[in-house]
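Printed here is query_13.cif (mmCIF, C-alpha atoms):
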data_upload
loop_
_atom_site.label_atom_id
_atom_site.label_comp_id
_atom_site.auth_asym_id
_atom_site.auth_seq_id
_atom_site.Cartn_x
_atom_site.Cartn_y
_atom_site.Cartn_z
CA MET A 1 -61.85 -31.59 -13.63
CA LEU A 2 -61.44 -35.33 -13.12
CA GLU A 3 -57.91 -34.82 -11.86
CA SER A 4 -59.05 -32.23 -9.33
CA ILE A 5 -61.88 -34.49 -8.17
CA ARG A 6 -59.49 -37.40 -7.78
CA ARG A 7 -57.00 -35.42 -5.72
CA LYS A 8 -59.07 -32.83 -3.79
CA ALA A 9 -62.45 -34.49 -3.21
CA ASP A 10 -63.51 -34.97 0.42
CA VAL A 11 -64.65 -38.49 -0.45
CA PRO A 12 -62.14 -39.91 -2.98
CA LEU A 13 -63.76 -41.63 -5.92
CA SER A 14 -63.02 -45.19 -6.97
CA MET A 15 -61.40 -46.04 -10.26
CA ARG A 16 -64.77 -47.27 -11.56
CA SER A 17 -66.42 -43.93 -10.80
CA LEU A 18 -63.60 -41.97 -12.43
CA ARG A 19 -63.88 -44.20 -15.46
CA PHE A 20 -67.64 -43.58 -15.60
CA LEU A 21 -67.19 -39.79 -15.51
CA SER A 22 -64.73 -39.94 -18.39
CA LEU A 23 -67.14 -41.80 -20.74
CA ASP A 24 -69.30 -40.26 -23.44
CA PRO A 25 -73.00 -39.85 -22.58
CA ASP A 26 -74.07 -42.58 -24.98
CA GLU A 27 -71.71 -45.08 -23.34
CA MET A 28 -72.69 -44.43 -19.73
CA ASP A 29 -75.85 -46.59 -19.74
CA ASP A 30 -74.01 -49.65 -21.01
CA TYR A 31 -71.27 -49.10 -18.44
CA VAL A 32 -73.82 -48.87 -15.60
CA GLN A 33 -75.64 -52.02 -16.73
CA LEU A 34 -72.35 -53.88 -16.87
CA HIS A 35 -71.15 -53.01 -13.36
CA LYS A 36 -74.36 -52.33 -11.39
CA GLN A 37 -74.28 -55.70 -9.60
CA GLN A 38 -70.67 -55.30 -8.43
CA PRO A 39 -69.98 -53.40 -5.19
CA ILE A 40 -67.80 -50.30 -5.41
CA ARG A 41 -64.37 -50.72 -3.84
CA ARG A 42 -61.32 -48.53 -3.63
CA GLN A 43 -58.20 -50.67 -3.95
CA THR A 44 -54.86 -49.31 -2.81
CA VAL A 45 -51.23 -50.41 -2.50
CA ILE A 46 -49.12 -50.82 0.65
CA THR A 47 -46.10 -48.48 0.66
CA CYS A 48 -44.64 -49.17 4.15
CA ILE A 49 -45.37 -51.48 7.05
CA SER A 50 -44.44 -51.77 10.73
CA THR A 51 -45.68 -53.22 14.05
CA LEU A 52 -47.15 -51.69 17.22
CA LYS A 53 -47.37 -53.41 20.61
CA LYS A 54 -50.97 -54.04 21.66
CA SER A 55 -50.92 -53.57 25.43
CA THR A 56 -47.47 -54.48 26.79
CA ALA A 57 -43.94 -53.64 25.68
CA ASP A 58 -42.58 -57.15 26.28
CA ASP A 59 -40.64 -58.84 23.50
CA ASP A 60 -43.15 -61.69 23.34
CA GLY A 61 -46.20 -59.41 23.60
CA VAL A 62 -48.96 -59.22 21.01
CA SER A 63 -48.32 -56.67 18.23
CA CYS A 64 -50.63 -54.90 15.83
CA LEU A 65 -49.87 -54.39 12.18
CA VAL A 66 -49.41 -50.77 11.04
CA ILE A 67 -49.78 -50.23 7.29
CA GLY A 68 -49.18 -47.12 5.16
CA THR A 69 -50.99 -47.08 1.82
CA GLU A 70 -50.83 -45.29 -1.51
CA SER A 71 -54.19 -43.66 -0.72
CA CYS A 72 -52.47 -41.51 1.97
CA ASP A 73 -53.97 -43.53 4.83
CA VAL A 74 -52.43 -45.34 7.81
CA TYR A 75 -54.24 -48.38 9.21
CA VAL A 76 -53.75 -50.21 12.51
CA LEU A 77 -54.97 -53.83 12.15
CA ASP A 78 -55.97 -56.26 14.89
CA PRO A 79 -53.51 -59.20 14.92
CA GLU A 80 -56.21 -61.83 15.56
CA ALA A 81 -59.37 -60.76 13.72
CA PHE A 82 -57.55 -58.60 11.10
CA ILE A 83 -60.08 -55.80 11.50
CA ILE A 84 -59.19 -52.11 11.31
CA LEU A 85 -58.65 -50.78 14.83
CA SER A 86 -57.71 -47.26 13.77
CA LYS A 87 -57.48 -45.26 10.58
CA MET A 88 -55.50 -42.03 10.13
CA SER A 89 -55.11 -39.82 7.09
CA LEU A 90 -52.00 -38.05 5.77
CA PRO A 91 -51.57 -35.19 3.27
CA ALA A 92 -49.32 -37.38 1.06
CA ALA A 93 -48.42 -41.00 0.50
CA PRO A 94 -46.08 -42.37 3.20
CA SER A 95 -42.59 -43.64 2.36
CA PHE A 96 -41.00 -44.51 5.73
CA MET A 97 -42.57 -45.24 9.09
CA ASP A 98 -41.41 -45.58 12.69
CA VAL A 99 -43.78 -46.70 15.45
CA THR A 100 -43.34 -46.52 19.23
CA GLY A 101 -45.57 -47.11 22.27
CA GLN A 102 -48.61 -49.38 22.86
CA PHE A 103 -51.97 -49.18 21.12
CA ASP A 104 -54.05 -49.48 24.30
CA VAL A 105 -51.93 -46.94 26.22
CA GLU A 106 -50.24 -44.30 24.06
CA PHE A 107 -48.38 -44.47 20.77
CA ARG A 108 -46.69 -42.27 18.20
CA ILE A 109 -46.35 -43.00 14.52
CA THR A 110 -43.68 -40.96 12.73
CA VAL A 111 -44.18 -41.00 8.96
CA ALA A 112 -41.98 -39.55 6.21
CA CYS A 113 -44.06 -38.76 3.12
CA ARG A 114 -43.31 -38.19 -0.53
CA ASN A 115 -43.98 -34.46 -0.31
CA GLY A 116 -40.75 -34.05 1.70
CA ASN A 117 -42.44 -33.62 5.10
CA ILE A 118 -42.51 -35.72 8.25
CA TYR A 119 -45.78 -36.13 10.15
CA ILE A 120 -46.33 -37.39 13.69
CA LEU A 121 -49.58 -39.22 14.46
CA ARG A 122 -50.84 -39.84 17.99
CA ARG A 123 -53.57 -41.90 19.63
CA ASP A 124 -57.21 -40.71 19.31
CA SER A 125 -56.34 -38.43 16.40
CA ASP A 126 -57.02 -39.16 12.74
CA LYS A 127 -54.90 -36.22 11.52
CA PRO A 128 -51.20 -35.46 12.05
CA LYS A 129 -50.35 -33.76 15.33
CA TYR A 130 -47.02 -32.22 14.22
CA CYS A 131 -45.34 -31.56 10.88
CA ILE A 132 -41.61 -31.31 10.14
CA GLU A 133 -40.74 -29.58 6.88
CA LEU A 134 -37.43 -30.66 5.33
CA ALA A 135 -35.25 -28.82 2.83
CA SER A 136 -34.85 -32.01 0.77
CA HIS A 137 -36.64 -35.33 0.50
CA PRO A 138 -35.97 -37.97 3.18
CA VAL A 139 -34.25 -41.25 2.34
CA GLY A 140 -34.41 -42.80 5.81
CA LEU A 141 -36.09 -42.37 9.20
CA VAL A 142 -35.00 -43.74 12.59
CA ARG A 143 -36.22 -42.89 16.08
CA VAL A 144 -33.52 -42.74 18.78
CA GLY A 145 -34.98 -42.24 22.24
CA LYS A 146 -37.33 -39.27 22.09
CA ASN A 147 -35.70 -37.77 19.00
CA VAL A 148 -36.11 -38.45 15.30
CA VAL A 149 -33.05 -38.87 13.04
CA VAL A 150 -33.65 -38.27 9.34
CA GLY A 151 -31.34 -38.84 6.38
CA CYS A 152 -31.94 -36.59 3.37
CA THR A 153 -31.05 -36.57 -0.30
CA ASP A 154 -28.72 -33.56 0.16
CA GLU A 155 -26.19 -35.90 1.89
CA SER A 156 -27.09 -34.69 5.37
CA LEU A 157 -28.17 -36.28 8.66
CA GLN A 158 -30.54 -34.28 10.85
CA GLY A 159 -31.98 -34.68 14.33
CA PHE A 160 -35.40 -33.39 15.44
CA THR A 161 -37.51 -33.42 18.59
CA GLN A 162 -40.96 -34.96 18.68
CA LYS A 163 -42.47 -31.52 18.13
CA GLY A 164 -40.40 -30.78 15.02
CA LYS A 165 -37.59 -28.61 16.41
CA ARG A 166 -34.27 -29.29 14.70
CA LEU A 167 -31.48 -30.11 17.14
CA TRP A 168 -28.47 -30.64 14.88
CA ARG A 169 -27.37 -31.25 11.30
CA THR A 170 -24.23 -32.91 9.95
CA VAL A 171 -22.98 -33.25 6.37
CA LEU A 172 -21.97 -36.71 5.10
CA ALA A 173 -19.26 -37.73 2.66
CA ALA A 174 -21.60 -39.55 0.24
CA PRO A 175 -25.32 -40.11 -0.41
CA ILE A 176 -27.23 -42.37 1.98
CA THR A 177 -28.33 -45.75 0.65
CA THR A 178 -29.92 -47.22 3.79
CA MET A 179 -30.48 -46.48 7.49
CA ALA A 180 -31.16 -48.60 10.57
CA ALA A 181 -31.23 -48.25 14.33
CA MET A 182 -28.61 -49.82 16.58
CA ASP A 183 -30.07 -50.63 20.01
CA LEU A 184 -28.18 -52.38 22.82
CA PRO A 185 -30.55 -52.47 25.83
CA THR A 186 -28.01 -54.25 28.04
CA ARG A 187 -25.64 -51.27 27.72
CA GLY A 188 -28.25 -48.56 27.34
CA PHE A 189 -26.70 -47.64 24.00
CA GLN A 190 -28.63 -46.31 20.98
CA ALA A 191 -27.19 -45.06 17.71
CA VAL A 192 -27.87 -44.89 13.96
CA LEU A 193 -26.24 -47.00 11.25
CA LEU A 194 -25.83 -45.40 7.82
CA GLY A 195 -24.96 -47.14 4.57
CA LEU A 196 -23.25 -44.72 2.17
CA ALA A 197 -22.66 -44.83 -1.57
CA ASN A 198 -18.85 -44.74 -1.10
CA CYS A 199 -18.79 -48.34 0.25
CA GLU A 200 -18.82 -47.31 3.91
CA VAL A 201 -21.10 -48.01 6.88
CA GLN A 202 -20.92 -45.29 9.53
CA LEU A 203 -22.17 -45.35 13.13
CA TYR A 204 -23.53 -42.06 14.50
CA ARG A 205 -24.60 -41.19 18.01
CA ASP A 206 -26.40 -37.87 17.62
CA LYS A 207 -24.06 -35.88 15.35
CA ASN A 208 -20.88 -37.64 16.51
CA LEU A 209 -19.24 -40.26 14.29
CA LEU A 210 -18.29 -43.26 16.41
CA SER A 211 -17.04 -45.81 13.88
CA THR A 212 -16.65 -46.51 10.16
CA ILE A 213 -16.77 -49.90 8.45
CA LYS A 214 -15.29 -50.38 4.96
CA THR A 215 -17.27 -52.74 2.73
CA PRO A 216 -16.32 -54.32 -0.63
CA ASP A 217 -19.51 -53.03 -2.28
CA VAL A 218 -22.28 -50.50 -1.71
CA VAL A 219 -24.57 -51.62 1.12
CA THR A 220 -28.27 -51.52 0.24
CA SER A 221 -29.87 -52.78 3.48
CA ILE A 222 -28.85 -53.07 7.14
CA CYS A 223 -30.29 -54.93 10.11
CA PHE A 224 -28.88 -54.93 13.66
CA GLY A 225 -30.15 -57.19 16.42
CA ARG A 226 -30.03 -60.67 17.89
CA TYR A 227 -28.77 -63.48 15.65
CA GLY A 228 -28.46 -66.88 17.28
CA ARG A 229 -26.80 -66.44 20.66
CA GLU A 230 -25.25 -63.08 19.80
CA ASP A 231 -27.15 -59.96 20.88
CA GLY A 232 -25.12 -57.54 18.76
CA THR A 233 -25.03 -58.77 15.15
CA LEU A 234 -24.93 -56.55 12.08
CA ILE A 235 -26.20 -58.07 8.82
CA MET A 236 -25.70 -56.19 5.54
CA THR A 237 -26.61 -56.92 1.94
CA THR A 238 -24.74 -55.34 -0.95
CA ARG A 239 -25.78 -54.08 -4.35
CA ALA A 240 -24.22 -57.09 -6.09
CA GLY A 241 -26.21 -59.52 -3.92
CA GLY A 242 -23.56 -60.22 -1.28
CA LEU A 243 -24.25 -60.88 2.41
CA ILE A 244 -21.99 -59.53 5.18
CA VAL A 245 -22.36 -60.56 8.84
CA LYS A 246 -20.41 -58.85 11.63
CA ILE A 247 -20.63 -59.63 15.34
CA LEU A 248 -20.02 -56.93 17.93
CA LYS A 249 -17.33 -57.68 20.50
CA ARG A 250 -18.54 -57.88 24.06
CA THR A 251 -15.62 -55.67 25.12
CA ALA A 252 -16.31 -52.98 22.51
CA VAL A 253 -16.26 -49.40 23.81
CA PHE A 254 -17.96 -46.54 21.98
CA ASP A 255 -16.37 -43.12 22.46
CA ASP A 256 -17.99 -39.98 21.11
CA ARG A 257 -15.73 -38.19 18.63
CA ASP A 258 -17.15 -34.80 17.91
CA GLY A 259 -16.22 -33.65 14.41
CA ALA A 260 -16.76 -29.97 15.23
CA PRO A 261 -13.64 -27.77 15.08
CA GLY A 262 -11.96 -26.97 18.35
CA PRO A 263 -9.14 -28.02 20.68
CA PRO A 264 -8.63 -31.78 21.24
CA GLN A 265 -9.89 -33.41 24.42
CA ALA A 266 -6.33 -34.14 25.57
CA GLN A 267 -5.74 -30.40 25.87
CA SER A 268 -8.10 -30.20 28.84
CA ILE A 269 -6.19 -32.90 30.79
CA ARG A 270 -4.08 -31.41 33.56
CA LEU A 271 -0.39 -32.27 33.31
CA ASN A 272 1.57 -33.67 36.23
CA VAL A 273 3.98 -30.75 36.59
CA PRO A 274 6.83 -31.34 39.10
CA LYS A 275 7.53 -28.94 41.93
CA LYS A 276 9.71 -25.89 41.31
CA THR A 277 13.35 -26.42 42.27
CA LYS A 278 15.83 -23.77 43.45
CA LEU A 279 17.66 -23.98 40.11
CA TYR A 280 14.40 -23.33 38.24
CA VAL A 281 13.62 -20.33 40.43
CA ASP A 282 17.13 -18.88 39.93
CA GLN A 283 16.91 -19.35 36.17
CA THR A 284 13.49 -17.68 36.11
CA LEU A 285 14.85 -14.66 37.99
CA ARG A 286 17.82 -14.49 35.63
CA GLU A 287 15.57 -14.55 32.59
CA ARG A 288 13.34 -11.89 34.08
CA GLU A 289 16.23 -9.53 34.86
CA SER A 290 18.27 -9.98 31.67
CA GLY A 291 15.61 -11.14 29.24
CA ALA A 292 16.35 -8.44 26.65
CA ALA A 293 20.09 -9.23 26.55
CA MET A 294 19.42 -12.97 26.24
CA HIS A 295 17.01 -12.35 23.38
CA ARG A 296 19.54 -10.17 21.53
CA ALA A 297 22.25 -12.83 21.94
CA PHE A 298 19.90 -15.51 20.65
CA GLN A 299 18.93 -13.46 17.62
CA MET A 300 22.60 -12.73 16.87
CA ASP A 301 23.55 -16.42 17.00
CA LEU A 302 20.55 -17.30 14.83
CA SER A 303 21.54 -14.71 12.23
CA ARG A 304 25.12 -16.05 12.14
CA LEU A 305 23.84 -19.60 11.69
CA ARG A 306 21.62 -18.53 8.80
CA LEU A 307 24.50 -16.63 7.19
CA ALA A 308 26.85 -19.63 7.45
CA ALA A 309 24.22 -21.94 5.99
CA ALA A 310 23.58 -19.53 3.09
CA LYS A 311 27.31 -19.19 2.33
CA ALA A 312 27.76 -22.98 2.33
CA TYR A 313 24.77 -23.41 0.04
CA VAL A 314 26.01 -20.78 -2.43
CA LYS A 315 29.49 -22.32 -2.41
CA ALA A 316 28.04 -25.75 -3.11
CA LEU A 317 26.00 -24.41 -6.02
CA GLU A 318 28.87 -22.48 -7.54
CA SER A 319 31.33 -25.38 -7.33
CA SER A 320 28.77 -28.14 -7.97
CA LEU A 321 29.70 -29.93 -4.75
CA THR A 322 26.32 -31.61 -4.47
CA PRO A 323 25.24 -35.04 -5.80
CA VAL A 324 22.22 -33.38 -7.47
CA SER A 325 22.63 -31.05 -10.43
CA SER A 326 21.24 -27.52 -10.14
CA SER A 327 21.10 -27.03 -13.93
CA LEU A 328 17.56 -26.83 -15.29
CA SER A 329 18.62 -27.94 -18.77
CA GLU A 330 20.59 -30.96 -17.52
CA PRO A 331 19.08 -32.19 -14.22
CA LEU A 332 21.13 -35.14 -12.97
CA LYS A 333 21.31 -37.23 -9.82
CA MET A 334 24.09 -39.59 -8.75
CA ASN A 335 24.85 -41.96 -5.90
CA ALA A 336 27.90 -44.19 -5.34
CA VAL A 337 28.30 -47.71 -3.94
CA VAL A 338 31.65 -49.18 -2.78
CA GLN A 339 31.93 -52.98 -2.63
CA GLY A 340 34.79 -55.13 -1.38
CA LEU A 341 37.14 -55.60 1.59
CA GLY A 342 40.30 -54.45 -0.11
CA PRO A 343 42.82 -53.83 -1.34
CA THR A 344 40.75 -53.81 -4.55
CA PHE A 345 37.32 -52.17 -4.36
CA LYS A 346 34.53 -52.08 -6.90
CA LEU A 347 33.09 -48.58 -7.30
CA THR A 348 29.63 -48.27 -8.91
CA LEU A 349 28.18 -44.87 -9.84
CA ASN A 350 24.42 -44.76 -10.49
CA VAL A 351 23.63 -41.75 -12.71
CA GLN A 352 20.03 -40.76 -13.48
CA ASN A 353 18.52 -38.10 -15.72
CA THR A 354 15.60 -36.54 -13.79
CA ALA A 355 14.28 -34.47 -16.69
CA ALA A 356 10.73 -35.03 -17.91
CA CYS A 357 11.41 -35.76 -21.57
CA ARG A 358 14.84 -34.34 -22.56
CA PRO A 359 17.84 -36.73 -22.90
CA VAL A 360 21.37 -35.68 -21.88
CA MET A 361 24.50 -36.50 -23.87
CA ASN A 362 28.25 -35.68 -24.12
CA LEU A 363 28.93 -36.40 -20.45
CA ALA A 364 32.02 -37.85 -18.76
CA VAL A 365 33.15 -38.90 -15.28
CA SER A 366 36.49 -37.96 -13.74
CA PHE A 367 38.10 -38.91 -10.42
CA LEU A 368 40.32 -36.85 -8.10
CA TYR A 369 42.23 -38.81 -5.46
CA ASP A 370 45.53 -39.17 -3.61
CA GLU A 371 47.79 -41.09 -5.96
CA SER A 372 49.96 -42.26 -3.08
CA LEU A 373 47.01 -44.14 -1.60
CA TYR A 374 44.83 -45.23 -4.52
CA ARG A 375 45.06 -46.25 -8.13
CA VAL A 376 41.90 -46.12 -10.31
CA LYS A 377 41.70 -48.48 -13.24
CA ASN A 378 39.79 -46.01 -15.48
CA PRO A 379 40.19 -42.50 -14.10
CA PHE A 380 38.21 -41.00 -17.01
CA LEU A 381 34.92 -42.58 -18.22
CA ARG A 382 32.44 -41.49 -20.86
CA ILE A 383 28.73 -41.67 -20.06
CA PRO A 384 26.33 -42.83 -22.78
CA LEU A 385 23.15 -41.02 -23.74
CA LEU A 386 21.00 -40.63 -20.61
CA VAL A 387 17.30 -41.31 -21.23
CA PRO A 388 14.98 -39.63 -18.68
CA GLY A 389 13.94 -41.83 -15.75
CA LEU A 390 16.45 -44.66 -16.23
CA ILE A 391 19.39 -45.37 -13.89
CA TYR A 392 22.74 -46.03 -15.61
CA PRO A 393 25.35 -47.90 -13.55
CA ILE A 394 28.98 -46.96 -14.29
CA GLN A 395 31.57 -49.29 -12.78
CA THR A 396 35.32 -49.11 -12.20
CA PHE A 397 37.89 -50.63 -9.83
CA VAL A 398 39.93 -48.80 -7.18
CA GLU A 399 43.10 -50.38 -5.73
CA CYS A 400 44.60 -49.31 -2.41
CA THR A 401 48.40 -49.07 -2.72
CA SER A 402 49.20 -48.19 0.91
CA ASP A 403 49.79 -50.63 3.78
CA LYS A 404 49.40 -48.02 6.53
CA GLY A 405 45.73 -48.86 7.21
CA ILE A 406 44.40 -45.42 6.37
CA ALA A 407 41.62 -44.26 4.05
CA ASP A 408 40.87 -41.06 2.17
CA ILE A 409 38.15 -39.37 0.11
CA ILE A 410 37.77 -39.85 -3.63
CA LYS A 411 36.03 -37.01 -5.45
CA VAL A 412 33.85 -37.84 -8.45
CA PHE A 413 33.04 -35.15 -11.04
CA VAL A 414 30.39 -35.39 -13.76
CA LEU A 415 31.58 -33.16 -16.60
CA HIS A 416 30.10 -31.81 -19.80
CA GLU A 417 32.27 -31.46 -22.86
CA GLY A 418 33.16 -27.84 -23.52
CA ARG A 419 32.50 -26.63 -19.94
CA SER A 420 35.04 -25.94 -17.24
CA SER A 421 32.79 -26.40 -14.18
CA PRO A 422 31.37 -29.82 -13.31
CA LEU A 423 27.64 -30.49 -13.37
CA LEU A 424 27.74 -32.27 -10.03
CA THR A 425 30.29 -33.59 -7.53
CA ALA A 426 30.25 -36.49 -5.08
CA HIS A 427 32.68 -37.21 -2.21
CA ILE A 428 33.17 -40.94 -1.55
CA ASN A 429 34.52 -41.97 1.83
CA MET A 430 36.58 -45.05 1.07
CA PRO A 431 36.75 -47.84 3.66
CA VAL A 432 40.00 -49.01 5.23
CA SER A 433 41.65 -51.78 3.23
CA GLU A 434 42.07 -55.17 4.88
CA GLY A 435 45.51 -55.68 3.35
CA LEU A 436 47.67 -55.66 0.21
CA THR A 437 47.68 -58.29 -2.50
CA LEU A 438 50.69 -60.57 -2.65
CA ASN A 439 52.68 -60.29 -5.87
#

Produce structure tokens that represent the structure in this file.
Amino acid sequence: MLESIRRKADVPLSMRSLRFLSLDPDEMDDYVQLHKQQPIRRQTVITCISTLKKSTADDDGVSCLVIGTESCDVYVLDPEAFIILSKMSLPAAPSFMDVTGQFDVEFRITVACRNGNIYILRRDSDKPKYCIELASHPVGLVRVGKNVVVGCTDESLQGFTQKGKRLWRTVLAAPITTMAAMDLPTRGFQAVLLGLANCEVQLYRDKNLLSTIKTPDVVTSICFGRYGREDGTLIMTTRAGGLIVKILKRTAVFDDRDGAPGPPQAQSIRLNVPKKTKLYVDQTLRERESGAAMHRAFQMDLSRLRLAAAKAYVKALESSLTPVSSSLSEPLKMNAVVQGLGPTFKLTLNVQNTAACRPVMNLAVSFLYDESLYRVKNPFLRIPLLVPGLIYPIQTFVECTSDKGIADIIKVFVLHEGRSSPLLTAHINMPVSEGLTLN
């Protein structure tokens, strides 16, 4: 009963009265005698606060204090005498507040409450004029022009009219930690700044994302306005207690980038197409008259190209003519490096086992070359155990025995003991030797 009286009574009771009703009958007289000389007061707590211009909208004009309280009331206080100029009641305790207009002319107070609704209060009315019901609780409220932008706990940003009609909704990448308005009167630009839990600060104009700022920590509060001689200054505080100050460039340009799916804006730009020449017209007529024959010829050439590529690929796999092994049990990779000016060259083969966890053993390297041009110091080399992931360099020396100034190809085969076909093959184009050594 006491709970229902406290919440639903037309005249809310004070804490002293609720305490009195909860006492036993034999304790009530003592309680009354103790407190009968003290006036009854209902104390409350301020939940949000803002300002309202008194009569003019000038920057240096007198402002009234607007206070939202835990007792579901909104007060407008006189700035000089600190008396209550207006009192308005809400169905729930307010959490966020945005005020616009002048007290003596016309004003609107937009309030987001803890029950998940947004109420709009107007002059000469002690009850809300409009109500906006949200699907989730609000975490921020900003007025942009004649519209209201609300951030919600479901990681969404929504725009509403003054009468509660939803205009748009966009989904964000992370939960909202703070919101603030960005107003540049000199440019006529208004937008919304959002601090997100993924260490980003995003700038939205309606539902369009204009810019993103990366921060070293999660931003917990944002303020944009004049700081010193700079009109466009963004000040941010982070969760760890850091302070970030950014100054807007005077040459900054804000372009709307709509995130909705569709063709890019460049697609609508008309291209500067040159005039049609006689050759273009003749070619167009030729394609129109013999289009079927040209298409058949193109398809025939394409099929021949695919067939030649497939034959070359099969031949390379069957003869292991590639520097990468096609064996699943012994996957190898090899590349060669030739160093020197001649006639003696240093040949380095880098062999790598690309398997995940299986080593490879019993391998050897063999060379095939023109013996009238080259002489290899070690034409047959054994490869040690190959551990997966490591690169093993295998080195040998090649001597050019010809003085004709020509070069040839040296073929390198990686063999496995007991098998006739190589695991992989590499063709090394040898450079031209600078000369012969003098004996």

Nearby residues, (-29.4, -44.1, 8.8) file frame, 8 Å, all atoms listed in the file, as a list in words
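Output: Gly140, Leu141, Val142, Val149, Val150, Gly151, Leu157, Ile176, Thr178, Met179, Ala180, Ala181, Val192, Leu193, Leu194 and Gly195 of chain A.
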
Let me make sure I understand: among A:Gln190, A:Ser89, A:Asn378, A:Thr170, which one has the smallest atom-to-atom distance to Gly145 (chain A) if we use all atoms listed in the file?
A:Gln190

List, as a VMD selection string, every residue that the PyMOL selection byres ((chain A and resi 357-371) around 6) selects in the file provided.
chain A and resid 355 to 356 372 to 374 379 to 383 385 to 388 410 to 417

Who sits within 6 Å of Ser221 (chain A), only C-alpha atoms, same chain under 2 positions skipped, as a PDB file with C-alpha atoms, in the frame of the given file:
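The file below, result-v1.pdb, is the result:
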ATOM      1  CA  THR A 178     -29.920 -47.220   3.790  1.00  0.00           C
ATOM      2  CA  VAL A 219     -24.570 -51.620   1.120  1.00  0.00           C
ATOM      3  CA  MET A 236     -25.700 -56.190   5.540  1.00  0.00           C
ATOM      4  CA  THR A 237     -26.610 -56.920   1.940  1.00  0.00           C
TER       5      THR A 237
END

Please determine, counting all atoms listed in the file, which residue among A:Pro39, A:Pro94, A:Pro138, A:Pro431 has the shortest atom-to-atom distance to Val66 (chain A).
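Selected residue with least distance to Val66 (chain A): A:Pro94.
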
Selection dump of the PyMOL selection byres ((chain A and resi 342) around 10), as a ChimeraX atom specification
/A:339-341,343-346,398-400,431-437

I'd like the neighbourhood of Ala57 (chain A) as a list in words, where a residue qualifies if any of its atoms comes within 8 Å (using all atoms listed in the file), though same-chain residues fewer than 3 positions away should be ignored.
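The neighbour list is Lys53, Gly61, Gly101 and Gln102 of chain A.
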
Can you tell me, as JSON, the centre and edge lengths (Å, one decimal) of the axis-aligned box enclosing all of region 411-426 of chain A's listed atoms after padding each side by 4 Å?
{"center_x": 31.8, "center_y": -31.9, "center_z": -14.3, "size_x": 16.4, "size_y": 19.9, "size_z": 26.4}

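In this structure, CA of Asp124 (chain A) sits 15.2 Å away from CA of Val99 (chain A).
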
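Taking CA of Arg123 (chain A) as the reference point, CA of Pro91 (chain A) is found at 17.8 Å.
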
Can you translate the PyMOL selection byres ((chain A and resi 63) around 9) into the concrete residues it hits in this file, as a PyMOL selection string?
chain A and resi 51-56+60-62+64-65+78-79+102-103

Show me, as a list of chain:residue names, the residues that have an atom within 8 Å of Arg16 (chain A) when counting all atoms listed in the file, minus same-chain residues fewer than 3 positions from it.
A:Arg19, A:Phe20, A:Ile40

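Note that the spacing between CA of Thr47 (chain A) and CA of Thr215 (chain A) amounts to 29.2 Å.
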